[in-house]
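What follows is the content of coords_22.pdb, which has PDB, C-alpha atoms, pLDDT in the B column:
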ATOM      1  CA  MET A   1     -28.355-178.930  80.414  1.00 44.00           C
ATOM      2  CA  SER A   2     -29.217-181.813  78.139  1.00 49.00           C
ATOM      3  CA  ALA A   3     -27.256-185.016  78.582  1.00 51.00           C
ATOM      4  CA  SER A   4     -25.932-185.417  75.083  1.00 58.00           C
ATOM      5  CA  SER A   5     -23.105-186.879  73.084  1.00 63.00           C
ATOM      6  CA  THR A   6     -21.465-183.648  71.950  1.00 70.00           C
ATOM      7  CA  ASP A   7     -17.886-182.570  71.446  1.00 82.00           C
ATOM      8  CA  LYS A   8     -17.341-181.565  75.104  1.00 86.00           C
ATOM      9  CA  GLY A   9     -20.727-179.865  75.131  1.00 87.00           C
ATOM     10  CA  LEU A  10     -20.598-178.370  71.635  1.00 94.00           C
ATOM     11  CA  LEU A  11     -22.592-179.188  68.526  1.00 96.00           C
ATOM     12  CA  THR A  12     -20.673-180.394  65.481  1.00 96.00           C
ATOM     13  CA  PRO A  13     -21.799-181.158  61.915  1.00 96.00           C
ATOM     14  CA  ASP A  14     -21.559-184.852  62.747  1.00 95.00           C
ATOM     15  CA  ASN A  15     -23.571-185.011  65.942  1.00 95.00           C
ATOM     16  CA  CYS A  16     -26.846-183.171  65.330  1.00 97.00           C
ATOM     17  CA  THR A  17     -29.978-182.974  63.203  1.00 98.00           C
ATOM     18  CA  VAL A  18     -31.735-179.680  62.436  1.00 98.00           C
ATOM     19  CA  ILE A  19     -35.538-179.781  62.505  1.00 98.00           C
ATOM     20  CA  PHE A  20     -37.964-177.184  61.152  1.00 98.00           C
ATOM     21  CA  ILE A  21     -41.566-177.533  62.293  1.00 98.00           C
ATOM     22  CA  ASP A  22     -44.507-175.579  60.843  1.00 96.00           C
ATOM     23  CA  HIS A  23     -42.767-172.601  59.251  1.00 96.00           C
ATOM     24  CA  GLN A  24     -45.914-172.017  57.229  1.00 95.00           C
ATOM     25  CA  PRO A  25     -47.660-168.803  56.128  1.00 91.00           C
ATOM     26  CA  ARG A  26     -50.608-169.013  58.523  1.00 90.00           C
ATOM     27  CA  MET A  27     -48.316-169.830  61.441  1.00 93.00           C
ATOM     28  CA  PHE A  28     -46.053-166.870  60.629  1.00 94.00           C
ATOM     29  CA  SER A  29     -49.061-164.554  60.437  1.00 93.00           C
ATOM     30  CA  SER A  30     -49.990-165.206  64.068  1.00 92.00           C
ATOM     31  CA  VAL A  31     -46.505-164.648  65.545  1.00 97.00           C
ATOM     32  CA  SER A  32     -46.262-161.490  67.651  1.00 96.00           C
ATOM     33  CA  ASN A  33     -43.269-161.952  69.988  1.00 97.00           C
ATOM     34  CA  ILE A  34     -40.751-161.161  67.231  1.00 97.00           C
ATOM     35  CA  ASP A  35     -40.833-159.207  63.977  1.00 96.00           C
ATOM     36  CA  ARG A  36     -41.857-161.700  61.292  1.00 96.00           C
ATOM     37  CA  ASN A  37     -39.193-160.606  58.823  1.00 95.00           C
ATOM     38  CA  GLU A  38     -36.560-160.964  61.533  1.00 95.00           C
ATOM     39  CA  LEU A  39     -37.952-164.377  62.365  1.00 97.00           C
ATOM     40  CA  LEU A  40     -37.696-165.504  58.734  1.00 96.00           C
ATOM     41  CA  ASN A  41     -34.179-164.086  58.553  1.00 96.00           C
ATOM     42  CA  ASN A  42     -33.167-166.199  61.551  1.00 97.00           C
ATOM     43  CA  VAL A  43     -34.845-169.291  60.113  1.00 98.00           C
ATOM     44  CA  LEU A  44     -32.818-168.877  56.930  1.00 97.00           C
ATOM     45  CA  VAL A  45     -29.572-168.444  58.892  1.00 97.00           C
ATOM     46  CA  LEU A  46     -30.287-171.745  60.639  1.00 98.00           C
ATOM     47  CA  ALA A  47     -31.199-173.460  57.378  1.00 98.00           C
ATOM     48  CA  LYS A  48     -28.074-172.218  55.614  1.00 98.00           C
ATOM     49  CA  ALA A  49     -25.953-173.345  58.560  1.00 98.00           C
ATOM     50  CA  ALA A  50     -27.314-176.873  58.145  1.00 98.00           C
ATOM     51  CA  LYS A  51     -26.858-176.787  54.370  1.00 98.00           C
ATOM     52  CA  ILE A  52     -23.294-175.455  54.490  1.00 98.00           C
ATOM     53  CA  PHE A  53     -22.124-178.110  56.940  1.00 98.00           C
ATOM     54  CA  GLY A  54     -24.135-181.023  55.563  1.00 98.00           C
ATOM     55  CA  VAL A  55     -26.235-181.505  58.698  1.00 98.00           C
ATOM     56  CA  PRO A  56     -29.345-183.689  58.203  1.00 98.00           C
ATOM     57  CA  VAL A  57     -32.518-181.605  57.987  1.00 98.00           C
ATOM     58  CA  ILE A  58     -36.121-182.575  58.673  1.00 98.00           C
ATOM     59  CA  PHE A  59     -39.167-180.488  57.698  1.00 97.00           C
ATOM     60  CA  SER A  60     -42.668-181.022  58.975  1.00 97.00           C
ATOM     61  CA  ALA A  61     -45.929-179.161  58.319  1.00 95.00           C
ATOM     62  CA  VAL A  62     -49.227-179.358  60.183  1.00 94.00           C
ATOM     63  CA  GLU A  63     -52.233-179.451  57.853  1.00 81.00           C
ATOM     64  CA  GLY A  64     -49.923-178.291  55.078  1.00 66.00           C
ATOM     65  CA  MET A  65     -52.473-179.156  52.411  1.00 64.00           C
ATOM     66  CA  GLY A  66     -55.175-177.352  54.375  1.00 54.00           C
ATOM     67  CA  PHE A  67     -55.508-174.116  56.271  1.00 53.00           C
ATOM     68  CA  SER A  68     -51.848-173.619  57.243  1.00 53.00           C
ATOM     69  CA  GLY A  69     -50.285-173.820  53.775  1.00 66.00           C
ATOM     70  CA  ASN A  70     -46.973-175.412  52.853  1.00 86.00           C
ATOM     71  CA  ILE A  71     -43.565-174.508  54.276  1.00 93.00           C
ATOM     72  CA  VAL A  72     -42.551-171.013  53.108  1.00 94.00           C
ATOM     73  CA  PRO A  73     -40.710-171.171  49.754  1.00 93.00           C
ATOM     74  CA  GLU A  74     -37.673-169.215  50.994  1.00 94.00           C
ATOM     75  CA  LEU A  75     -36.932-172.171  53.264  1.00 95.00           C
ATOM     76  CA  LEU A  76     -37.883-175.019  50.947  1.00 92.00           C
ATOM     77  CA  ASP A  77     -35.892-173.548  48.055  1.00 95.00           C
ATOM     78  CA  LEU A  78     -32.693-174.219  50.013  1.00 96.00           C
ATOM     79  CA  PHE A  79     -33.530-177.932  50.118  1.00 95.00           C
ATOM     80  CA  ALA A  80     -35.232-178.697  46.827  1.00 91.00           C
ATOM     81  CA  ASP A  81     -34.974-182.454  47.393  1.00 91.00           C
ATOM     82  CA  GLN A  82     -36.737-182.354  50.763  1.00 91.00           C
ATOM     83  CA  THR A  83     -40.425-183.226  51.144  1.00 92.00           C
ATOM     84  CA  PRO A  84     -42.014-181.924  54.364  1.00 95.00           C
ATOM     85  CA  ILE A  85     -43.599-184.557  56.566  1.00 96.00           C
ATOM     86  CA  GLN A  86     -47.319-183.826  56.673  1.00 95.00           C
ATOM     87  CA  ARG A  87     -49.258-184.351  59.895  1.00 95.00           C
ATOM     88  CA  SER A  88     -52.542-183.527  61.577  1.00 94.00           C
ATOM     89  CA  SER A  89     -51.325-183.478  65.182  1.00 96.00           C
ATOM     90  CA  MET A  90     -49.949-180.249  66.609  1.00 96.00           C
ATOM     91  CA  ASN A  91     -47.325-182.452  68.261  1.00 98.00           C
ATOM     92  CA  ALA A  92     -44.829-183.719  65.670  1.00 98.00           C
ATOM     93  CA  TRP A  93     -43.763-186.445  68.102  1.00 98.00           C
ATOM     94  CA  ASP A  94     -47.192-188.038  67.543  1.00 98.00           C
ATOM     95  CA  SER A  95     -46.235-188.675  63.909  1.00 97.00           C
ATOM     96  CA  LYS A  96     -44.716-192.068  63.149  1.00 97.00           C
ATOM     97  CA  GLU A  97     -43.231-190.669  59.948  1.00 98.00           C
ATOM     98  CA  PHE A  98     -41.599-187.832  61.852  1.00 98.00           C
ATOM     99  CA  ILE A  99     -40.063-190.100  64.491  1.00 98.00           C
ATOM    100  CA  ALA A 100     -38.892-192.465  61.745  1.00 98.00           C
ATOM    101  CA  ALA A 101     -37.105-189.551  60.045  1.00 98.00           C
ATOM    102  CA  VAL A 102     -35.435-188.571  63.320  1.00 98.00           C
ATOM    103  CA  LYS A 103     -34.255-192.134  63.859  1.00 98.00           C
ATOM    104  CA  GLU A 104     -33.049-192.439  60.271  1.00 98.00           C
ATOM    105  CA  ALA A 105     -30.892-189.322  60.699  1.00 97.00           C
ATOM    106  CA  GLY A 106     -29.112-191.209  63.469  1.00 96.00           C
ATOM    107  CA  ARG A 107     -28.215-188.215  65.645  1.00 95.00           C
ATOM    108  CA  LYS A 108     -29.096-187.857  69.329  1.00 95.00           C
ATOM    109  CA  ASN A 109     -28.858-184.041  69.344  1.00 96.00           C
ATOM    110  CA  LEU A 110     -31.946-182.357  67.919  1.00 98.00           C
ATOM    111  CA  VAL A 111     -31.712-178.680  67.003  1.00 98.00           C
ATOM    112  CA  ILE A 112     -35.346-177.603  66.727  1.00 98.00           C
ATOM    113  CA  ALA A 113     -37.073-174.469  65.483  1.00 98.00           C
ATOM    114  CA  ALA A 114     -40.855-174.307  65.284  1.00 98.00           C
ATOM    115  CA  LEU A 115     -43.993-172.209  65.078  1.00 97.00           C
ATOM    116  CA  TRP A 116     -45.496-171.808  67.554  1.00 96.00           C
ATOM    117  CA  SER A 117     -43.119-172.076  70.505  1.00 98.00           C
ATOM    118  CA  GLU A 118     -45.859-172.780  73.033  1.00 97.00           C
ATOM    119  CA  VAL A 119     -47.256-175.705  71.057  1.00 97.00           C
ATOM    120  CA  CYS A 120     -45.327-177.112  68.114  1.00 97.00           C
ATOM    121  CA  LEU A 121     -41.901-176.467  69.643  1.00 98.00           C
ATOM    122  CA  ALA A 122     -42.638-177.324  73.254  1.00 98.00           C
ATOM    123  CA  MET A 123     -44.517-180.592  72.796  1.00 98.00           C
ATOM    124  CA  PRO A 124     -42.041-182.495  70.576  1.00 98.00           C
ATOM    125  CA  ALA A 125     -39.108-181.024  72.487  1.00 98.00           C
ATOM    126  CA  LEU A 126     -40.436-182.297  75.807  1.00 98.00           C
ATOM    127  CA  GLN A 127     -41.219-185.757  74.471  1.00 98.00           C
ATOM    128  CA  ALA A 128     -37.908-186.050  72.635  1.00 98.00           C
ATOM    129  CA  LEU A 129     -36.161-185.335  75.932  1.00 97.00           C
ATOM    130  CA  THR A 130     -38.059-188.151  77.640  1.00 97.00           C
ATOM    131  CA  ASP A 131     -37.014-190.481  74.807  1.00 97.00           C
ATOM    132  CA  GLY A 132     -33.340-189.834  75.437  1.00 95.00           C
ATOM    133  CA  TYR A 133     -32.613-187.138  72.863  1.00 96.00           C
ATOM    134  CA  ALA A 134     -30.852-183.889  73.630  1.00 96.00           C
ATOM    135  CA  VAL A 135     -32.873-180.878  72.530  1.00 97.00           C
ATOM    136  CA  TYR A 136     -31.516-177.493  71.465  1.00 98.00           C
ATOM    137  CA  ALA A 137     -34.378-175.024  70.949  1.00 98.00           C
ATOM    138  CA  VAL A 138     -33.496-172.247  68.508  1.00 98.00           C
ATOM    139  CA  VAL A 139     -35.333-169.436  70.228  1.00 98.00           C
ATOM    140  CA  ASP A 140     -35.037-166.734  67.550  1.00 98.00           C
ATOM    141  CA  ALA A 141     -36.071-169.086  64.733  1.00 98.00           C
ATOM    142  CA  SER A 142     -39.204-169.983  66.693  1.00 98.00           C
ATOM    143  CA  GLY A 143     -42.125-167.691  67.376  1.00 98.00           C
ATOM    144  CA  ALA A 144     -45.237-167.512  69.501  1.00 98.00           C
ATOM    145  CA  ALA A 145     -48.544-165.700  69.894  1.00 96.00           C
ATOM    146  CA  SER A 146     -47.065-163.434  72.580  1.00 98.00           C
ATOM    147  CA  ASP A 147     -43.892-162.686  74.526  1.00 98.00           C
ATOM    148  CA  ILE A 148     -45.389-164.404  77.560  1.00 98.00           C
ATOM    149  CA  ALA A 149     -46.227-167.547  75.575  1.00 98.00           C
ATOM    150  CA  HIS A 150     -42.756-167.745  74.024  1.00 98.00           C
ATOM    151  CA  ASP A 151     -40.942-167.184  77.309  1.00 98.00           C
ATOM    152  CA  ALA A 152     -43.093-169.720  79.141  1.00 98.00           C
ATOM    153  CA  ALA A 153     -42.480-172.340  76.438  1.00 98.00           C
ATOM    154  CA  ILE A 154     -38.713-171.859  76.517  1.00 98.00           C
ATOM    155  CA  ARG A 155     -38.638-171.988  80.320  1.00 98.00           C
ATOM    156  CA  ARG A 156     -40.617-175.208  80.249  1.00 98.00           C
ATOM    157  CA  ILE A 157     -38.205-176.797  77.769  1.00 98.00           C
ATOM    158  CA  GLU A 158     -35.188-175.660  79.804  1.00 98.00           C
ATOM    159  CA  GLN A 159     -36.703-176.938  83.056  1.00 98.00           C
ATOM    160  CA  ALA A 160     -37.104-180.343  81.380  1.00 98.00           C
ATOM    161  CA  GLY A 161     -33.424-180.361  80.371  1.00 96.00           C
ATOM    162  CA  GLY A 162     -33.392-178.649  76.987  1.00 97.00           C
ATOM    163  CA  VAL A 163     -30.942-175.949  75.900  1.00 97.00           C
ATOM    164  CA  SER A 164     -31.685-172.581  74.284  1.00 97.00           C
ATOM    165  CA  MET A 165     -29.650-171.364  71.314  1.00 97.00           C
ATOM    166  CA  THR A 166     -29.870-168.744  68.571  1.00 97.00           C
ATOM    167  CA  ALA A 167     -29.511-169.344  64.851  1.00 97.00           C
ATOM    168  CA  LEU A 168     -26.222-167.438  64.828  1.00 96.00           C
ATOM    169  CA  GLN A 169     -24.908-169.592  67.673  1.00 96.00           C
ATOM    170  CA  VAL A 170     -25.622-172.714  65.659  1.00 98.00           C
ATOM    171  CA  LEU A 171     -23.891-171.343  62.562  1.00 97.00           C
ATOM    172  CA  LEU A 172     -20.746-170.255  64.393  1.00 96.00           C
ATOM    173  CA  GLU A 173     -20.608-173.317  66.627  1.00 97.00           C
ATOM    174  CA  LEU A 174     -20.580-175.533  63.548  1.00 97.00           C
ATOM    175  CA  GLN A 175     -17.764-173.424  62.073  1.00 96.00           C
ATOM    176  CA  ARG A 176     -16.003-173.120  65.463  1.00 95.00           C
ATOM    177  CA  ASP A 177     -12.493-172.401  64.174  1.00 94.00           C
ATOM    178  CA  TRP A 178     -11.612-169.938  61.387  1.00 92.00           C
ATOM    179  CA  ALA A 179      -8.606-172.132  60.606  1.00 94.00           C
ATOM    180  CA  ARG A 180     -11.101-174.578  59.152  1.00 91.00           C
ATOM    181  CA  LYS A 181     -11.130-172.996  55.708  1.00 93.00           C
ATOM    182  CA  GLU A 182     -13.492-175.367  53.896  1.00 95.00           C
ATOM    183  CA  HIS A 183     -16.647-173.391  54.682  1.00 95.00           C
ATOM    184  CA  CYS A 184     -15.271-170.010  55.800  1.00 93.00           C
ATOM    185  CA  GLU A 185     -16.400-168.124  52.696  1.00 93.00           C
ATOM    186  CA  GLU A 186     -19.907-169.571  52.886  1.00 95.00           C
ATOM    187  CA  VAL A 187     -20.207-168.679  56.564  1.00 95.00           C
ATOM    188  CA  MET A 188     -18.971-165.139  55.898  1.00 92.00           C
ATOM    189  CA  THR A 189     -21.522-164.808  53.106  1.00 92.00           C
ATOM    190  CA  VAL A 190     -24.351-165.772  55.469  1.00 94.00           C
ATOM    191  CA  LEU A 191     -23.119-163.255  58.039  1.00 92.00           C
ATOM    192  CA  GLU A 192     -23.048-160.542  55.395  1.00 89.00           C
ATOM    193  CA  GLU A 193     -26.363-161.427  53.757  1.00 90.00           C
ATOM    194  CA  HIS A 194     -28.292-161.689  57.005  1.00 90.00           C
ATOM    195  CA  ARG A 195     -26.438-159.036  59.045  1.00 76.00           C
ATOM    196  CA  CYS A 196     -25.921-161.341  61.982  1.00 67.00           C
ATOM    197  CA  ALA A 197     -25.024-159.572  65.231  1.00 54.00           C
ATOM    198  CA  TYR A 198     -22.746-157.105  63.490  1.00 50.00           C
ATOM    199  CA  ARG A 199     -22.316-155.817  59.974  1.00 46.00           C
ATOM    200  CA  LEU A 200     -19.494-157.305  57.972  1.00 47.00           C
ATOM    201  CA  ARG A 201     -18.110-155.809  54.801  1.00 50.00           C
ATOM    202  CA  ARG A 202     -14.991-156.402  52.813  1.00 47.00           C
ATOM    203  CA  LEU A 203     -12.437-153.644  52.624  1.00 42.00           C
ATOM    204  CA  PRO A 204     -11.658-152.560  49.053  1.00 45.00           C
ATOM    205  CA  ASN A 205      -8.374-153.276  47.318  1.00 42.00           C
ATOM    206  CA  GLN A 206      -7.394-156.081  49.671  1.00 37.00           C
ATOM    207  CA  LEU A 207      -6.341-159.463  48.390  1.00 37.00           C
ATOM    208  CA  ASP A 208      -6.956-161.138  51.732  1.00 43.00           C
ATOM    209  CA  ARG A 209     -10.307-161.003  53.454  1.00 42.00           C
ATOM    210  CA  LYS A 210     -10.435-158.334  56.110  1.00 40.00           C
ATOM    211  CA  ILE A 211     -13.414-157.302  58.140  1.00 32.00           C
ATOM    212  CA  GLU A 212     -14.653-154.047  59.576  1.00 39.00           C
ATOM    213  CA  ILE A 213     -16.958-154.429  62.550  1.00 32.00           C
ATOM    214  CA  HIS A 214     -19.539-151.696  63.090  1.00 36.00           C
ATOM    215  CA  VAL A 215     -21.162-151.839  66.505  1.00 32.00           C
TER     216      VAL A 215
END
Rewrite the structure of this file - the entire thing - as C-alpha coordinates.
Amino acid sequence: MSASSTDKGLLTPDNCTVIFIDHQPRMFSSVSNIDRNELLNNVLVLAKAAKIFGVPVIFSAVEGMGFSGNIVPELLDLFADQTPIQRSSMNAWDSKEFIAAVKEAGRKNLVIAALWSEVCLAMPALQALTDGYAVYAVVDASGAASDIAHDAAIRRIEQAGGVSMTALQVLLELQRDWARKEHCEEVMTVLEEHRCAYRLRRLPNQLDRKIEIHV
(Lines of atoms letter the chains of each structure in order from A and count residues from 1; the text may use other names and numbers.)
(Lines give C-alpha, C1' and ligand atoms only; values in the text may rest on other atoms or scores of the structure.)
Protein backbone atom coordinates (compact mmCIF):
# COMPACT_ATOMS: atom_id res chain seq x y z
CA MET A 1 0.00 0.00 0.00
CA SER A 2 1.18 3.50 -0.77
CA ALA A 3 2.79 5.44 2.05
CA SER A 4 0.56 8.47 2.06
CA SER A 5 -0.78 11.22 4.25
CA THR A 6 -4.42 10.14 4.36
CA ASP A 7 -7.08 10.18 7.04
CA LYS A 8 -6.03 6.82 8.57
CA GLY A 9 -5.68 5.36 5.10
CA LEU A 10 -8.70 7.03 3.51
CA LEU A 11 -8.92 9.71 0.84
CA THR A 12 -10.61 12.98 1.77
CA PRO A 13 -11.51 16.05 -0.31
CA ASP A 14 -8.56 17.84 1.27
CA ASN A 15 -5.79 15.34 0.69
CA CYS A 16 -5.94 14.27 -2.96
CA THR A 17 -5.82 15.43 -6.56
CA VAL A 18 -7.77 13.70 -9.34
CA ILE A 19 -5.94 13.32 -12.66
CA PHE A 20 -7.41 12.41 -16.04
CA ILE A 21 -4.91 11.42 -18.72
CA ASP A 22 -5.75 10.94 -22.41
CA HIS A 23 -9.50 10.39 -22.30
CA GLN A 24 -9.60 11.21 -26.00
CA PRO A 25 -11.67 9.78 -28.87
CA ARG A 26 -8.88 7.81 -30.54
CA MET A 27 -7.75 6.38 -27.21
CA PHE A 28 -11.30 5.29 -26.35
CA SER A 29 -11.67 3.63 -29.75
CA SER A 30 -8.81 1.22 -29.06
CA VAL A 31 -9.97 0.10 -25.59
CA SER A 32 -11.16 -3.51 -25.51
CA ASN A 33 -10.91 -4.67 -21.88
CA ILE A 34 -14.11 -2.86 -20.88
CA ASP A 35 -17.23 -1.68 -22.70
CA ARG A 36 -16.48 1.86 -23.87
CA ASN A 37 -19.80 3.28 -22.73
CA GLU A 38 -19.26 1.73 -19.30
CA LEU A 39 -15.77 3.18 -19.25
CA LEU A 40 -17.08 6.68 -20.03
CA ASN A 41 -19.77 6.25 -17.39
CA ASN A 42 -17.10 5.46 -14.79
CA VAL A 43 -14.95 8.38 -15.92
CA LEU A 44 -17.90 10.72 -15.40
CA VAL A 45 -18.60 9.29 -11.93
CA LEU A 46 -15.00 10.04 -10.99
CA ALA A 47 -15.16 13.52 -12.49
CA LYS A 48 -18.41 14.36 -10.72
CA ALA A 49 -16.97 13.08 -7.45
CA ALA A 50 -14.09 15.55 -7.80
CA LYS A 51 -16.42 18.39 -8.79
CA ILE A 52 -18.91 17.79 -5.97
CA PHE A 53 -16.23 17.78 -3.28
CA GLY A 54 -14.02 20.51 -4.73
CA VAL A 55 -11.02 18.25 -5.31
CA PRO A 56 -8.34 19.73 -7.62
CA VAL A 57 -8.49 18.22 -11.11
CA ILE A 58 -5.80 17.97 -13.77
CA PHE A 59 -6.43 17.04 -17.43
CA SER A 60 -3.77 16.07 -19.91
CA ALA A 61 -3.96 15.03 -23.57
CA VAL A 62 -1.31 13.42 -25.75
CA GLU A 63 -1.16 14.93 -29.24
CA GLY A 64 -4.54 16.50 -28.54
CA MET A 65 -4.23 18.82 -31.53
CA GLY A 66 -3.20 15.90 -33.72
CA PHE A 67 -4.30 12.33 -34.25
CA SER A 68 -5.77 11.64 -30.79
CA GLY A 69 -8.23 14.55 -30.62
CA ASN A 70 -9.12 16.61 -27.56
CA ILE A 71 -10.52 15.29 -24.28
CA VAL A 72 -14.08 14.00 -24.81
CA PRO A 73 -16.63 16.82 -24.36
CA GLU A 74 -18.71 14.92 -21.77
CA LEU A 75 -15.72 15.20 -19.44
CA LEU A 76 -14.55 18.71 -20.32
CA ASP A 77 -18.07 20.13 -20.03
CA LEU A 78 -17.97 19.41 -16.29
CA PHE A 79 -14.92 21.66 -15.93
CA ALA A 80 -15.41 24.47 -18.42
CA ASP A 81 -12.57 26.51 -16.91
CA GLN A 82 -10.00 23.72 -17.27
CA THR A 83 -7.51 23.63 -20.15
CA PRO A 84 -5.95 20.20 -20.75
CA ILE A 85 -2.17 20.09 -20.60
CA GLN A 86 -0.94 19.16 -24.07
CA ARG A 87 2.07 16.88 -24.46
CA SER A 88 3.89 14.74 -26.99
CA SER A 89 5.28 12.12 -24.61
CA MET A 90 3.16 9.08 -23.79
CA ASN A 91 4.43 9.53 -20.24
CA ALA A 92 2.77 12.56 -18.61
CA TRP A 93 5.54 12.61 -15.99
CA ASP A 94 7.91 13.72 -18.78
CA SER A 95 5.94 16.97 -19.08
CA LYS A 96 7.22 19.90 -17.04
CA GLU A 97 3.82 21.55 -17.29
CA PHE A 98 2.12 18.44 -15.96
CA ILE A 99 4.46 18.08 -12.99
CA ALA A 100 4.10 21.80 -12.28
CA ALA A 101 0.31 21.37 -12.15
CA VAL A 102 0.65 18.43 -9.75
CA LYS A 103 2.92 20.46 -7.49
CA GLU A 104 0.63 23.48 -7.65
CA ALA A 105 -2.31 21.35 -6.47
CA GLY A 106 -0.27 20.67 -3.34
CA ARG A 107 -1.60 17.17 -2.61
CA LYS A 108 0.56 14.08 -2.15
CA ASN A 109 -2.22 11.61 -3.02
CA LEU A 110 -2.79 11.28 -6.76
CA VAL A 111 -5.99 9.60 -7.94
CA ILE A 112 -5.25 8.75 -11.57
CA ALA A 113 -7.36 7.48 -14.45
CA ALA A 114 -5.87 7.14 -17.92
CA LEU A 115 -6.04 5.62 -21.38
CA TRP A 116 -4.29 3.34 -21.92
CA SER A 117 -3.56 1.53 -18.66
CA GLU A 118 -0.44 -0.20 -19.96
CA VAL A 119 1.17 3.05 -21.08
CA CYS A 120 -0.32 6.38 -20.05
CA LEU A 121 -1.49 5.15 -16.64
CA ALA A 122 1.42 2.91 -15.73
CA MET A 123 4.32 5.19 -16.62
CA PRO A 124 3.33 8.35 -14.70
CA ALA A 125 2.01 6.25 -11.82
CA LEU A 126 5.32 4.44 -11.42
CA GLN A 127 7.38 7.62 -11.61
CA ALA A 128 5.09 9.52 -9.27
CA LEU A 129 5.60 6.75 -6.72
CA THR A 130 9.37 7.10 -6.97
CA ASP A 131 8.99 10.86 -6.41
CA GLY A 132 7.22 10.33 -3.11
CA TYR A 133 3.58 10.59 -4.18
CA ALA A 134 0.92 8.08 -3.27
CA VAL A 135 -0.89 6.75 -6.32
CA TYR A 136 -4.47 5.49 -6.48
CA ALA A 137 -5.20 3.99 -9.91
CA VAL A 138 -8.89 4.11 -10.81
CA VAL A 139 -9.10 0.81 -12.62
CA ASP A 140 -12.60 1.10 -14.10
CA ALA A 141 -12.01 4.64 -15.38
CA SER A 142 -8.89 3.44 -17.18
CA GLY A 143 -8.81 1.14 -20.17
CA ALA A 144 -6.37 -0.89 -22.21
CA ALA A 145 -5.93 -2.70 -25.51
CA SER A 146 -6.73 -6.05 -23.87
CA ASP A 147 -7.63 -7.68 -20.56
CA ILE A 148 -4.08 -9.00 -20.29
CA ALA A 149 -2.57 -5.55 -20.86
CA HIS A 150 -4.85 -3.90 -18.29
CA ASP A 151 -4.27 -6.56 -15.65
CA ALA A 152 -0.51 -6.51 -16.16
CA ALA A 153 -0.42 -2.71 -15.85
CA ILE A 154 -2.42 -2.70 -12.62
CA ARG A 155 -0.29 -5.48 -11.13
CA ARG A 156 2.84 -3.53 -11.99
CA ILE A 157 1.51 -0.39 -10.30
CA GLU A 158 0.46 -2.35 -7.21
CA GLN A 159 3.82 -4.13 -7.00
CA ALA A 160 5.48 -0.69 -6.99
CA GLY A 161 3.28 0.45 -4.10
CA GLY A 162 0.21 1.89 -5.79
CA VAL A 163 -3.40 1.20 -4.79
CA SER A 164 -6.32 0.16 -7.00
CA MET A 165 -9.72 1.81 -6.63
CA THR A 166 -12.96 2.16 -8.58
CA ALA A 167 -14.74 5.38 -9.45
CA LEU A 168 -17.58 4.50 -7.09
CA GLN A 169 -15.10 3.88 -4.27
CA VAL A 170 -13.68 7.36 -4.74
CA LEU A 171 -17.12 8.97 -4.73
CA LEU A 172 -18.31 7.20 -1.59
CA GLU A 173 -15.00 7.52 0.22
CA LEU A 174 -15.13 11.29 -0.24
CA GLN A 175 -18.70 11.31 1.11
CA ARG A 176 -17.86 8.74 3.82
CA ASP A 177 -20.66 9.59 6.26
CA TRP A 178 -24.31 10.18 5.32
CA ALA A 179 -24.56 12.50 8.32
CA ARG A 180 -22.50 14.93 6.28
CA LYS A 181 -25.48 16.50 4.54
CA GLU A 182 -23.73 19.17 2.47
CA HIS A 183 -23.27 16.97 -0.61
CA CYS A 184 -25.66 14.07 0.05
CA GLU A 185 -28.18 15.07 -2.62
CA GLU A 186 -25.47 15.52 -5.24
CA VAL A 187 -23.95 12.13 -4.42
CA MET A 188 -27.36 10.46 -4.58
CA THR A 189 -27.97 12.09 -7.95
CA VAL A 190 -24.72 10.65 -9.32
CA LEU A 191 -25.64 7.21 -8.01
CA GLU A 192 -29.03 7.44 -9.69
CA GLU A 193 -27.80 8.92 -12.97
CA HIS A 194 -24.97 6.45 -13.42
CA ARG A 195 -26.56 3.37 -11.79
CA CYS A 196 -23.57 2.71 -9.60
CA ALA A 197 -23.44 -0.80 -8.13
CA TYR A 198 -27.16 -0.86 -7.45
CA ARG A 199 -30.19 1.00 -8.72
CA LEU A 200 -31.51 3.76 -6.53
CA ARG A 201 -34.93 5.32 -6.89
CA ARG A 202 -37.01 7.51 -4.68
CA LEU A 203 -40.21 6.12 -3.28
CA PRO A 204 -43.28 8.19 -4.20
CA ASN A 205 -45.21 10.29 -1.72
CA GLN A 206 -42.39 10.44 0.81
CA LEU A 207 -41.18 13.71 2.24
CA ASP A 208 -37.90 12.21 3.40
CA ARG A 209 -35.54 10.49 1.02
CA LYS A 210 -35.91 6.74 1.11
CA ILE A 211 -34.18 4.24 -1.08
CA GLU A 212 -35.12 0.92 -2.59
CA ILE A 213 -32.18 -1.30 -3.43
CA HIS A 214 -32.65 -3.75 -6.30
CA VAL A 215 -29.94 -6.39 -6.45
- When you draw a straight line from CA of Asn41 in chain A to CA of His194 in chain A, how long is it in Å? 6.5 Å
- Hey, what's within 12 Å of Met123 in chain A if we count all atoms listed in the file and toss same-chain stuff fewer than 4 positions away? As a ChimeraX atom specification, please? /A:21,89-94,112,114-119,127-130,135,137,153-154,156-157,160
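Reported to one decimal place, the separation of CA of Tyr136 in chain A from CA of Ser164 in chain A is 5.7 Å.
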- Task: Given the file shown, determine the residues that the PyMOL selection byres ((chain A and resi 175-183) around 9) selects; report them as a list in words.
- Result: Thr12, Pro13, Ala49, Ile52, Phe53, Val170, Leu171, Leu172, Glu173, Leu174, Cys184, Glu185, Glu186, Val187 and Met188 of chain A
- Just give me the gap between CA of Glu158 in chain A and CA of Asn33 in chain A in Å, one decimal is fine.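 Between CA of Glu158 in chain A and CA of Asn33 in chain A the gap is 18.7 Å.
For the file at hand, the PyMOL selection byres ((chain A and resi 34) around 9) resolves to Val31, Ser32, Asn33, Asp35, Arg36, Asn37, Glu38, Leu39, Asp140, Ser142, Gly143, Ala144, Ser146 and Asp147 of chain A.
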